[in-house]
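Worksheet: the structure to be examined is printed underneath.
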Amino acid sequence: MIEWDETDFGLRVFDRTKTEVSIETDAWEAVDAGYDIERPLDETVSGYVSEIRFPAALVKATGLDSGEEYKHAGDAEPLELDAENYLLNISLNVKTYLRFSGAVTVSKTDDYNELHVSFPDPTLVTFGFRSHHEEPVDTITVPKTPEGVATAVTHLSSSHKVSGPDRSYPTLRGHPPRIELGDETEIPTPVREQRFDVGIELAIPDSFDYAFVAAPLAYYLQAEMTVEDRRSPVLRAPEANVEYRFTPLPGFQHEATDMLRRVFFLDCLVRNAGEYSWDLTELPMLDTVGIDAEETYEATPAEQLATYLDAPYERIDDELPEWHLAMHISPRPDNATSLSYFLDTLSLVYLPESSDLEKDELLNKSIDDFYRGKSPEKPPELRPSGPVAEAPRKGPGPVKSVDRRDPVLYEGQVNGWLADGVPIDVFKAVPEAYENRFKYLNQGGGDIDVTVILNDDEMSDEHETVAEIYKERAEHLPIDVTVHEHLAKAELADVFESPHDFVHYIGHCEKDGLRCRDGNLAVADIEESNVQTFFLNACGSYYEGRDLVQKGSVAGAVTFTKVLNKQAAKVGVAFSQLLINGYDIAHAIQLARRRIMMGKDYAVVGDGGHQLTQCDNRYPTIATLEERGDQYEVEYRTLSMPNIGGVFQVYRDGEEKPRLHGTESAFTLDQSELLEFLERAKSPFVYDGDLFWSEELSDRISP
């Protein structure tokens, strides 16, 4: 669902996730009738205009009479088109199309911050808008058996809008149906009818272990998943004479990952022979593995699979990005209901493995992470101030510490854990979180409600700084910031039970709850949580955060044990800035905790991939910066879990081609070029092992 308002400057367009696009126009004159746009849309708006100004974006223009395509990405030169009927496909936070008839000039400002579409005279245009967000439409019911799970996975791919290489585009994969468990199999008619029969089958042994691990591969391939009396899985495509035998577990989980990576990334390259194409940086890899894109694109899915299996993929494997997300799931029947949410983001699935974690081992891992990438001589402000330098937060009662475990992790930039135990370096998934997401789509209004609570005077510095960060962000997004101090139990309970998009609690947490001025509040005692996301920056807040998710929240950041005031403030400030600027919660805490020595005291509960706000760059990014004499080496990549398979571009004087999400753009700049780049980057950088936003880094680099 899309809503829009006319503003003094043009249009403000937003969806139910409170994602928005601001469009500025010259001499806008709205009209009721406009052009038809033959694309899936939520809303259209028509009017006369002479110039339109968008945020910076990739643009594809299609001449509807000639069929010619024109692209404008990081181009420094304007794109000037003669009069014709055109449809512009514009990549923004809300999917945007623009149809018109006439001559047009498409250009970017010198600083690459704006995209301009200009007409010689006032011209009738029609905007078409579609939300990127989707939710399940149908529900599949299956028995609590491996065969039942296989049947469900077979039909989850009914949400794919296409078959073949184009399915690698995130916008062409809808949200899979929900899964429920029951006595009988019930597949809704639309699900049966919408599923593509691609002639591929994945047969697995009669075991939940295999059903869970095989799910991502079967889902993406749109394969029929079946259960047989066999020792190990086999992938069949009879039409193309494919019969690929996997080894038994545990080897199968790595082979399934390798197969998914192979098919997915080769799809991402081959699809550029089709209608939705970009001149990707990675396209020469097809020559390296000897694949003809046009011939393969026109083949059947079974024939494409055969081509991919024959290709020497190992030649390019290391040049493609690490997979974005891996879930470690206990293969219990009840966990099958969560599969559709994980497959929606194309997560890998591994069987959970972990071991006991001794205190000394935890300390060593934390210190190793803290010093990774730092120079031997640290500036004084970055030297760790451990327990000798500062005592933990004061409090009359003990905290409820968590017995942490050491997980075995494989492929995956971010890892989630839906199994027993509480490991480090993962987000602890809570099944309720994934369905809780959808209730917040129905909360009215386009403003983002942020509430900051200070219940500990010793942490007033963090309180003042994060409140200022939220207020500064409100200059660019519709954010309503409320600040409370010294709340009583009933007042804090009321905050959690009232609708809020984000609550940042700064204070103490003890065994019996979050400290208030008249005692402690246990989240288990509140009726329900209507707080979408949260940060409980307090000692040992893990269990209270878990309870918030079980009571209705989507995700939040928590601590495992006692934390130090200065360290807590560093993490709190960094996390706030990342979250409010569009980073998902898992990446926000992952980056924020690198600012302190004991970063493994912080974690995420709920849906770690959840984003609170949109990002100014559309996609959250991370860059590393290293000094090499009078030159600076930059490595730049996106951190966008929902957009795997999508395309991004670094705006740098037209020198950069579009890239697949997750791949790194590496380049060298001199000081003046770097300062110019930092001015428009709006991104965090890892420099000398610490985290700096581009504005901060610019101050350090400036002569």
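Going by the structure tokens order, chains are called A, B, ..., each with residues numbered from 1, while ligands are numbered from 1 in the order shown.
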For Asp525 (chain A): contacts at 10 Å, only C-alpha atoms, fewer than 3 positions along chain excluded, given as a PDB file with N, CA and C atoms, in the first residue's frame:
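around_34.pdb written:
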```pdb
ATOM      1  N   ALA A 493       6.149   0.437  31.877  1.00  0.00           N
ATOM      2  CA  ALA A 493       5.241  -0.567  31.306  1.00  0.00           C
ATOM      3  C   ALA A 493       4.345   0.075  30.257  1.00  0.00           C
ATOM      4  N   GLY A 513      14.262  -7.574  36.775  1.00  0.00           N
ATOM      5  CA  GLY A 513      13.764  -6.664  35.749  1.00  0.00           C
ATOM      6  C   GLY A 513      14.549  -5.380  35.583  1.00  0.00           C
ATOM      7  N   LEU A 521      10.913  -3.453  36.853  1.00  0.00           N
ATOM      8  CA  LEU A 521       9.833  -3.941  36.000  1.00  0.00           C
ATOM      9  C   LEU A 521      10.307  -5.168  35.234  1.00  0.00           C
ATOM     10  N   ALA A 522       9.600  -6.289  35.408  1.00  0.00           N
ATOM     11  CA  ALA A 522       9.853  -7.490  34.612  1.00  0.00           C
ATOM     12  C   ALA A 522       8.974  -7.439  33.366  1.00  0.00           C
ATOM     13  N   GLU A 528       1.362  -6.864  26.744  1.00  0.00           N
ATOM     14  CA  GLU A 528       1.937  -7.083  25.416  1.00  0.00           C
ATOM     15  C   GLU A 528       2.890  -5.947  25.112  1.00  0.00           C
ATOM     16  N   ASP A 547      11.891 -11.450  26.160  1.00  0.00           N
ATOM     17  CA  ASP A 547      10.476 -11.383  26.538  1.00  0.00           C
ATOM     18  C   ASP A 547       9.734 -10.305  25.753  1.00  0.00           C
ATOM     19  N   LYS A 551       6.504 -10.987  23.507  1.00  0.00           N
ATOM     20  CA  LYS A 551       5.283 -10.242  23.824  1.00  0.00           C
ATOM     21  C   LYS A 551       4.792  -9.368  22.663  1.00  0.00           C
TER      22      LYS A 551
END
```
Task: Nearby residues (only C-alpha atoms) at most 7 Å from region 628-640 of chain A, same-chain spacing under 6 positions excluded, as number ranges by chain - done: A: 619-622, 661-671
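With distances restricted to only C-alpha atoms, A:Val59 is the closest residue to Tyr97 (chain A) from A:Ala311, A:Leu625, A:Val59, A:Val647.
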So that each row is one residue of region 200-268 of chain A with an atom at most 7 Å from region 316-333 of chain A, can you give its shortest atom pair and the distance in Å to one decimal, using only C-alpha atoms, rows by chain and rising number, as a Markdown table?
```
| residue | atom | partner | partner_atom | distance |
| --- | --- | --- | --- | --- |
| A:Phe208 | CA | A:Pro331 | CA | 5.6 |
| A:Asp209 | CA | A:Pro331 | CA | 5.4 |
| A:Phe212 | CA | A:Pro331 | CA | 6.3 |
```
Since we have the selection now, will you write its residues out, keeping N, CA, C and O atoms, as a tab-separated table (two decimals), in the first residue's frame?
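Output file result_17.tsv follows:
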```
chain	number	residue	atom	x	y	z
A	208	PHE	N	14.16	-34.92	9.11
A	208	PHE	CA	14.02	-33.47	9.25
A	208	PHE	C	15.34	-32.76	8.99
A	208	PHE	O	15.35	-31.64	8.46
A	209	ASP	N	16.47	-33.37	9.39
A	209	ASP	CA	17.77	-32.74	9.17
A	209	ASP	C	17.94	-32.38	7.70
A	209	ASP	O	18.33	-31.26	7.34
A	212	PHE	N	15.36	-29.58	6.32
A	212	PHE	CA	15.69	-28.19	6.65
A	212	PHE	C	16.88	-27.69	5.84
A	212	PHE	O	16.84	-26.60	5.27
```
Would you mind listing, for every residue of region 61-143 of chain A within 8 Å of region 16-27 of chain A, the two atoms forming the shortest contact and the distance between them in Å to one decimal, using only C-alpha atoms, sorted by chain and ascending residue number, as JSON lines?
```
{"residue": "A:Leu92", "atom": "CA", "partner": "A:Val21", "partner_atom": "CA", "distance": 7.3}
{"residue": "A:Asn93", "atom": "CA", "partner": "A:Val21", "partner_atom": "CA", "distance": 6.5}
{"residue": "A:Val94", "atom": "CA", "partner": "A:Val21", "partner_atom": "CA", "distance": 6.4}
{"residue": "A:His133", "atom": "CA", "partner": "A:Thr17", "partner_atom": "CA", "distance": 7.5}
```
Saved selection, atoms kept: C-alpha atoms, as a compact mmCIF listing (two decimals), in the first residue's frame:
```
# COMPACT_ATOMS: atom_id res chain seq x y z
CA LEU A 92 14.53 4.34 -5.15
CA ASN A 93 13.44 3.29 -1.65
CA VAL A 94 9.92 3.08 -3.08
CA HIS A 133 7.76 -4.71 1.06
```
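Around Pro312 (chain A), within 9 Å and counting only C-alpha atoms, the residues found are Thr288, Val289, Gly290, Tyr308, Leu309, Asp310, Glu314, Arg315 and Ile316 of chain A, once anything fewer than 2 positions away on its own chain is removed.
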File dump, residues just selected, C-alpha atoms, as a compact mmCIF listing (two decimals), in the first residue's frame:
```
# COMPACT_ATOMS: atom_id res chain seq x y z
CA THR A 288 36.12 -17.17 -17.55
CA VAL A 289 33.77 -20.13 -17.07
CA GLY A 290 32.82 -20.40 -20.74
CA TYR A 308 25.98 -24.42 -14.54
CA LEU A 309 27.02 -27.87 -13.29
CA ASP A 310 29.37 -28.31 -16.26
CA GLU A 314 35.68 -22.71 -8.94
CA ARG A 315 37.54 -20.25 -11.20
CA ILE A 316 35.29 -17.37 -10.10
```
